[in-house]
Amino acid sequence: FEERRKKKPNVPKSSMSFREGLNLTGFPAVTFVNNDRVFNFLLDTGSNVSLIDGSVLKYLKHEEDSSKVELFGLDGIERTGKCIISYLTYEDVSYKTQFFVTDLAPTFYRIKQEHGVTLHGILGSDFFKAYKYVLDFNKLIAYSELVNNKK
């Protein structure tokens, strides 16, 4: 899925629509582009870090990051893993994002089976904090007051 924001005066320029993702999956999700490919990401303010499924790295233009991240999942299990840095583009805005690489296939399998949508990762609160994004469930957009295009 990929819905483009209609140019409306009341919608901030730095906004992303998650209407289509919400309608298709029941979750706020947005489609980004990297390396001329589309990638779907769940918007999840409950996750402190952004995550990406390791199986998509072969398609995603990225660089290795020397950071090691430790985190706890909902299952209470501590995980340590590698990170990557990648640029995701939504319309004309590019976002430099650090991702924790993990196996998300079991998590996203049911969404794929029930809705036919493949999710590739999760944008966590680190992304929303870095780019000052707010999720607006009235307009079904994520918007930022930042006017600069961070690259």
# chains A, B, ... in the order shown; residues from 1 in each chain; ligands from 1
>>> select_by_dssp(residues="stretch 29-121 of chain A", states="strand (DSSP E or B)", output="VMD selection string")
chain A and resid 29 to 34 37 to 43 51 to 53 62 to 72 78 to 90 93 to 102 121
>>> select_by_dssp(residues="chain A", states="alpha helix (DSSP H)", output="VMD selection string")
chain A and resid 19 to 25 105 to 115 125 to 131
>>> residues_around(residues="stretch 134-144 of chain A", least_positions_apart="2", cutoff="6 Å", atoms="only C-alpha atoms", output="NGL selection string")
:A and (14-19 or 132 or 146)
>>> write_last_selection(atoms="all heavy atoms", output="mmCIF file, in the first residue's frame")
data_model
loop_
_atom_site.group_PDB
_atom_site.id
_atom_site.type_symbol
_atom_site.label_atom_id
_atom_site.label_comp_id
_atom_site.auth_asym_id
_atom_site.auth_seq_id
_atom_site.Cartn_x
_atom_site.Cartn_y
_atom_site.Cartn_z
ATOM 1 N N SER A 14 5.294 18.558 6.537
ATOM 2 C CA SER A 14 6.044 17.421 7.072
ATOM 3 C C SER A 14 5.083 16.444 7.736
ATOM 4 O O SER A 14 5.122 16.219 8.932
ATOM 5 C CB SER A 14 7.094 17.899 8.068
ATOM 6 O OG SER A 14 8.049 18.672 7.421
ATOM 7 N N SER A 15 4.201 15.871 6.922
ATOM 8 C CA SER A 15 3.254 14.920 7.477
ATOM 9 C C SER A 15 3.236 13.647 6.647
ATOM 10 O O SER A 15 3.584 13.655 5.468
ATOM 11 C CB SER A 15 1.851 15.510 7.581
ATOM 12 O OG SER A 15 1.307 15.733 6.306
ATOM 13 N N MET A 16 2.860 12.556 7.314
ATOM 14 C CA MET A 16 2.741 11.258 6.662
ATOM 15 C C MET A 16 1.356 10.721 6.965
ATOM 16 O O MET A 16 0.953 10.690 8.121
ATOM 17 C CB MET A 16 3.752 10.279 7.253
ATOM 18 C CG MET A 16 5.181 10.623 7.044
ATOM 19 S SD MET A 16 6.207 9.367 7.830
ATOM 20 C CE MET A 16 6.896 10.330 9.149
ATOM 21 N N SER A 17 0.663 10.281 5.952
ATOM 22 C CA SER A 17 -0.650 9.685 6.158
ATOM 23 C C SER A 17 -0.496 8.216 6.527
ATOM 24 O O SER A 17 0.237 7.480 5.880
ATOM 25 C CB SER A 17 -1.489 9.801 4.896
ATOM 26 O OG SER A 17 -2.702 9.090 5.061
ATOM 27 N N PHE A 18 -1.194 7.803 7.592
ATOM 28 C CA PHE A 18 -1.234 6.373 7.902
ATOM 29 C C PHE A 18 -2.655 5.830 7.747
ATOM 30 O O PHE A 18 -2.972 4.738 8.177
ATOM 31 C CB PHE A 18 -0.652 6.058 9.290
ATOM 32 C CG PHE A 18 -1.262 6.797 10.448
ATOM 33 C CD1 PHE A 18 -2.415 6.338 11.052
ATOM 34 C CD2 PHE A 18 -0.648 7.926 10.959
ATOM 35 C CE1 PHE A 18 -2.971 6.997 12.140
ATOM 36 C CE2 PHE A 18 -1.190 8.592 12.054
ATOM 37 C CZ PHE A 18 -2.351 8.127 12.642
ATOM 38 N N ARG A 19 -3.498 6.600 7.062
ATOM 39 C CA ARG A 19 -4.893 6.201 6.829
ATOM 40 C C ARG A 19 -4.989 4.857 6.103
ATOM 41 O O ARG A 19 -5.705 3.954 6.521
ATOM 42 C CB ARG A 19 -5.643 7.268 6.043
ATOM 43 C CG ARG A 19 -7.084 6.895 5.693
ATOM 44 C CD ARG A 19 -7.771 7.940 4.823
ATOM 45 N NE ARG A 19 -7.645 9.275 5.340
ATOM 46 C CZ ARG A 19 -8.466 9.816 6.250
ATOM 47 N NH1 ARG A 19 -9.481 9.113 6.720
ATOM 48 N NH2 ARG A 19 -8.286 11.044 6.687
ATOM 49 N N LYS A 132 10.535 14.901 15.910
ATOM 50 C CA LYS A 132 9.441 15.658 16.554
ATOM 51 C C LYS A 132 8.078 15.368 15.930
ATOM 52 O O LYS A 132 7.271 16.255 15.688
ATOM 53 C CB LYS A 132 9.703 17.165 16.509
ATOM 54 C CG LYS A 132 11.060 17.586 17.023
ATOM 55 C CD LYS A 132 11.202 17.378 18.494
ATOM 56 C CE LYS A 132 12.458 18.004 19.035
ATOM 57 N NZ LYS A 132 13.511 17.048 19.361
ATOM 58 N N LEU A 146 9.002 20.351 12.520
ATOM 59 C CA LEU A 146 10.326 20.663 11.971
ATOM 60 C C LEU A 146 10.160 21.092 10.521
ATOM 61 O O LEU A 146 9.479 20.442 9.754
ATOM 62 C CB LEU A 146 11.247 19.447 12.027
ATOM 63 C CG LEU A 146 11.713 19.010 13.403
ATOM 64 C CD1 LEU A 146 12.625 17.789 13.266
ATOM 65 C CD2 LEU A 146 12.451 20.117 14.121
#
>>> atom_distance(atom1="atom CA of A:Asp92", atom2="atom CA of A:Leu42")
19.8 Å
>>> closest_residue(among="A:Lys96, A:Lys68, A:Lys61, A:Arg110", to="A:Leu123", atoms="only C-alpha atoms")
A:Lys96
>>> closest_residue(among="A:Leu71, A:Leu51, A:Ile111, A:Val30", to="A:Ile84", atoms="only C-alpha atoms")
A:Leu51
>>> closest_residue(among="A:Asn34, A:Gly26, A:Val117, A:Lys129", to="A:His62", atoms="only C-alpha atoms")
A:Asn34
>>> residues_around(residues="A:Asn48", least_positions_apart="6", cutoff="9 Å", atoms="only C-alpha atoms", output="PDB file with C-alpha atoms, in the first residue's frame")
ATOM      1  CA  LEU A  71      16.338  -4.439  24.712  1.00  0.00           C
ATOM      2  CA  GLY A 124       9.755   3.472  17.420  1.00  0.00           C
ATOM      3  CA  SER A 125       9.710   6.448  19.740  1.00  0.00           C
ATOM      4  CA  ASP A 126      13.390   7.186  18.932  1.00  0.00           C
ATOM      5  CA  PHE A 127      12.229   8.157  15.417  1.00  0.00           C
TER       6      PHE A 127
END
>>> residues_around(residues="A:Gly116", least_positions_apart="5", cutoff="12 Å", atoms="only C-alpha atoms", output="JSON, numbers by chain")
{"A": [1, 21, 24, 25, 108, 109, 110, 111]}
>>> write_last_selection(atoms="N, CA and C atoms", output="PDB file, in the first residue's frame")
ATOM      1  N   PHE A   1       0.832  -1.173   0.000  1.00  0.00           N
ATOM      2  CA  PHE A   1       0.000   0.000   0.000  1.00  0.00           C
ATOM      3  C   PHE A   1       0.876   1.235   0.000  1.00  0.00           C
ATOM      4  N   GLY A  21      -2.733   2.459   5.700  1.00  0.00           N
ATOM      5  CA  GLY A  21      -2.203   1.374   6.520  1.00  0.00           C
ATOM      6  C   GLY A  21      -3.171   0.967   7.610  1.00  0.00           C
ATOM      7  N   LEU A  24      -6.108  -0.946   6.015  1.00  0.00           N
ATOM      8  CA  LEU A  24      -5.757  -2.282   5.537  1.00  0.00           C
ATOM      9  C   LEU A  24      -5.438  -3.264   6.661  1.00  0.00           C
ATOM     10  N   THR A  25      -4.747  -2.786   7.679  1.00  0.00           N
ATOM     11  CA  THR A  25      -4.222  -3.703   8.699  1.00  0.00           C
ATOM     12  C   THR A  25      -4.807  -3.504  10.087  1.00  0.00           C
ATOM     13  N   PHE A 108       5.077 -10.365  12.223  1.00  0.00           N
ATOM     14  CA  PHE A 108       4.311  -9.812  11.118  1.00  0.00           C
ATOM     15  C   PHE A 108       3.603 -10.866  10.277  1.00  0.00           C
ATOM     16  N   TYR A 109       3.822 -12.120  10.548  1.00  0.00           N
ATOM     17  CA  TYR A 109       3.252 -13.205   9.746  1.00  0.00           C
ATOM     18  C   TYR A 109       1.724 -13.123   9.674  1.00  0.00           C
ATOM     19  N   ARG A 110       1.092 -12.935  10.811  1.00  0.00           N
ATOM     20  CA  ARG A 110      -0.373 -12.935  10.835  1.00  0.00           C
ATOM     21  C   ARG A 110      -0.963 -11.748  10.070  1.00  0.00           C
ATOM     22  N   ILE A 111      -0.314 -10.617  10.148  1.00  0.00           N
ATOM     23  CA  ILE A 111      -0.779  -9.442   9.395  1.00  0.00           C
ATOM     24  C   ILE A 111      -0.715  -9.744   7.901  1.00  0.00           C
TER      25      ILE A 111
END
>>> atom_distance(atom1="atom CA of A:Glu70", atom2="atom CA of A:Asp103")
14.8 Å
>>> closest_residue(among="A:Ile77, A:Leu119, A:Val49, A:Leu57", to="A:Thr97", atoms="only C-alpha atoms")
A:Val49
>>> closest_residue(among="A:Thr118, A:Asn23, A:Ser67, A:Thr45", to="A:Phe99", atoms="only C-alpha atoms")
A:Ser67
>>> atom_distance(atom1="atom CA of A:Ser94", atom2="atom CA of A:Asn40")
15.0 Å
>>> decode(residues="stretch 79-100 of chain A", atoms="N, CA, C and O atoms", output="PDB file, in the first residue's frame")
ATOM      1  N   ARG A  79      17.311  -9.074  24.478  1.00  0.00           N
ATOM      2  CA  ARG A  79      17.953  -9.340  23.201  1.00  0.00           C
ATOM      3  C   ARG A  79      19.066  -8.336  22.983  1.00  0.00           C
ATOM      4  O   ARG A  79      18.902  -7.152  23.267  1.00  0.00           O
ATOM      5  N   THR A  80      20.173  -8.804  22.463  1.00  0.00           N
ATOM      6  CA  THR A  80      21.287  -7.948  22.091  1.00  0.00           C
ATOM      7  C   THR A  80      21.527  -8.167  20.613  1.00  0.00           C
ATOM      8  O   THR A  80      21.499  -9.298  20.133  1.00  0.00           O
ATOM      9  N   GLY A  81      21.741  -7.095  19.891  1.00  0.00           N
ATOM     10  CA  GLY A  81      21.944  -7.268  18.460  1.00  0.00           C
ATOM     11  C   GLY A  81      22.631  -6.092  17.823  1.00  0.00           C
ATOM     12  O   GLY A  81      22.935  -5.091  18.474  1.00  0.00           O
ATOM     13  N   LYS A  82      22.839  -6.239  16.514  1.00  0.00           N
ATOM     14  CA  LYS A  82      23.511  -5.185  15.768  1.00  0.00           C
ATOM     15  C   LYS A  82      22.512  -4.145  15.288  1.00  0.00           C
ATOM     16  O   LYS A  82      21.304  -4.383  15.264  1.00  0.00           O
ATOM     17  N   CYS A  83      23.074  -3.028  14.898  1.00  0.00           N
ATOM     18  CA  CYS A  83      22.266  -1.935  14.373  1.00  0.00           C
ATOM     19  C   CYS A  83      22.781  -1.532  13.003  1.00  0.00           C
ATOM     20  O   CYS A  83      23.935  -1.790  12.655  1.00  0.00           O
ATOM     21  N   ILE A  84      21.897  -0.928  12.243  1.00  0.00           N
ATOM     22  CA  ILE A  84      22.256  -0.354  10.949  1.00  0.00           C
ATOM     23  C   ILE A  84      21.740   1.080  10.917  1.00  0.00           C
ATOM     24  O   ILE A  84      20.870   1.472  11.708  1.00  0.00           O
ATOM     25  N   ILE A  85      22.252   1.846   9.976  1.00  0.00           N
ATOM     26  CA  ILE A  85      21.758   3.187   9.687  1.00  0.00           C
ATOM     27  C   ILE A  85      21.248   3.165   8.251  1.00  0.00           C
ATOM     28  O   ILE A  85      21.927   2.659   7.353  1.00  0.00           O
ATOM     29  N   SER A  86      20.052   3.700   8.046  1.00  0.00           N
ATOM     30  CA  SER A  86      19.488   3.740   6.709  1.00  0.00           C
ATOM     31  C   SER A  86      18.698   5.026   6.531  1.00  0.00           C
ATOM     32  O   SER A  86      18.276   5.650   7.507  1.00  0.00           O
ATOM     33  N   TYR A  87      18.510   5.402   5.280  1.00  0.00           N
ATOM     34  CA  TYR A  87      17.685   6.561   4.940  1.00  0.00           C
ATOM     35  C   TYR A  87      16.379   6.060   4.343  1.00  0.00           C
ATOM     36  O   TYR A  87      16.384   5.276   3.402  1.00  0.00           O
ATOM     37  N   LEU A  88      15.298   6.518   4.916  1.00  0.00           N
ATOM     38  CA  LEU A  88      13.967   6.222   4.394  1.00  0.00           C
ATOM     39  C   LEU A  88      13.391   7.514   3.846  1.00  0.00           C
ATOM     40  O   LEU A  88      13.532   8.569   4.462  1.00  0.00           O
ATOM     41  N   THR A  89      12.721   7.420   2.712  1.00  0.00           N
ATOM     42  CA  THR A  89      12.138   8.618   2.108  1.00  0.00           C
ATOM     43  C   THR A  89      10.634   8.475   2.041  1.00  0.00           C
ATOM     44  O   THR A  89      10.106   7.446   1.620  1.00  0.00           O
ATOM     45  N   TYR A  90       9.955   9.528   2.469  1.00  0.00           N
ATOM     46  CA  TYR A  90       8.508   9.632   2.322  1.00  0.00           C
ATOM     47  C   TYR A  90       8.265  10.921   1.555  1.00  0.00           C
ATOM     48  O   TYR A  90       8.637  12.008   2.022  1.00  0.00           O
ATOM     49  N   GLU A  91       7.675  10.789   0.388  1.00  0.00           N
ATOM     50  CA  GLU A  91       7.510  11.905  -0.535  1.00  0.00           C
ATOM     51  C   GLU A  91       8.877  12.539  -0.750  1.00  0.00           C
ATOM     52  O   GLU A  91       9.789  11.871  -1.184  1.00  0.00           O
ATOM     53  N   ASP A  92       9.080  13.799  -0.419  1.00  0.00           N
ATOM     54  CA  ASP A  92      10.363  14.439  -0.692  1.00  0.00           C
ATOM     55  C   ASP A  92      11.221  14.593   0.561  1.00  0.00           C
ATOM     56  O   ASP A  92      12.208  15.314   0.549  1.00  0.00           O
ATOM     57  N   VAL A  93      10.876  13.911   1.637  1.00  0.00           N
ATOM     58  CA  VAL A  93      11.623  14.046   2.887  1.00  0.00           C
ATOM     59  C   VAL A  93      12.360  12.742   3.194  1.00  0.00           C
ATOM     60  O   VAL A  93      11.782  11.656   3.138  1.00  0.00           O
ATOM     61  N   SER A  94      13.656  12.880   3.509  1.00  0.00           N
ATOM     62  CA  SER A  94      14.488  11.730   3.810  1.00  0.00           C
ATOM     63  C   SER A  94      14.796  11.708   5.305  1.00  0.00           C
ATOM     64  O   SER A  94      15.089  12.746   5.895  1.00  0.00           O
ATOM     65  N   TYR A  95      14.731  10.525   5.909  1.00  0.00           N
ATOM     66  CA  TYR A  95      14.932  10.358   7.344  1.00  0.00           C
ATOM     67  C   TYR A  95      16.085   9.393   7.606  1.00  0.00           C
ATOM     68  O   TYR A  95      16.017   8.232   7.193  1.00  0.00           O
ATOM     69  N   LYS A  96      17.114   9.879   8.256  1.00  0.00           N
ATOM     70  CA  LYS A  96      18.225   9.017   8.666  1.00  0.00           C
ATOM     71  C   LYS A  96      17.794   8.329   9.957  1.00  0.00           C
ATOM     72  O   LYS A  96      17.474   8.985  10.946  1.00  0.00           O
ATOM     73  N   THR A  97      17.797   6.999   9.939  1.00  0.00           N
ATOM     74  CA  THR A  97      17.253   6.243  11.068  1.00  0.00           C
ATOM     75  C   THR A  97      18.165   5.090  11.447  1.00  0.00           C
ATOM     76  O   THR A  97      18.678   4.393  10.578  1.00  0.00           O
ATOM     77  N   GLN A  98      18.346   4.908  12.743  1.00  0.00           N
ATOM     78  CA  GLN A  98      19.070   3.748  13.265  1.00  0.00           C
ATOM     79  C   GLN A  98      18.052   2.651  13.545  1.00  0.00           C
ATOM     80  O   GLN A  98      16.998   2.908  14.132  1.00  0.00           O
ATOM     81  N   PHE A  99      18.356   1.434  13.099  1.00  0.00           N
ATOM     82  CA  PHE A  99      17.479   0.290  13.310  1.00  0.00           C
ATOM     83  C   PHE A  99      18.207  -0.817  14.050  1.00  0.00           C
ATOM     84  O   PHE A  99      19.358  -1.125  13.736  1.00  0.00           O
ATOM     85  N   PHE A 100      17.502  -1.436  14.974  1.00  0.00           N
ATOM     86  CA  PHE A 100      17.942  -2.677  15.602  1.00  0.00           C
ATOM     87  C   PHE A 100      17.503  -3.790  14.657  1.00  0.00           C
ATOM     88  O   PHE A 100      16.344  -3.849  14.265  1.00  0.00           O
TER      89      PHE A 100
END
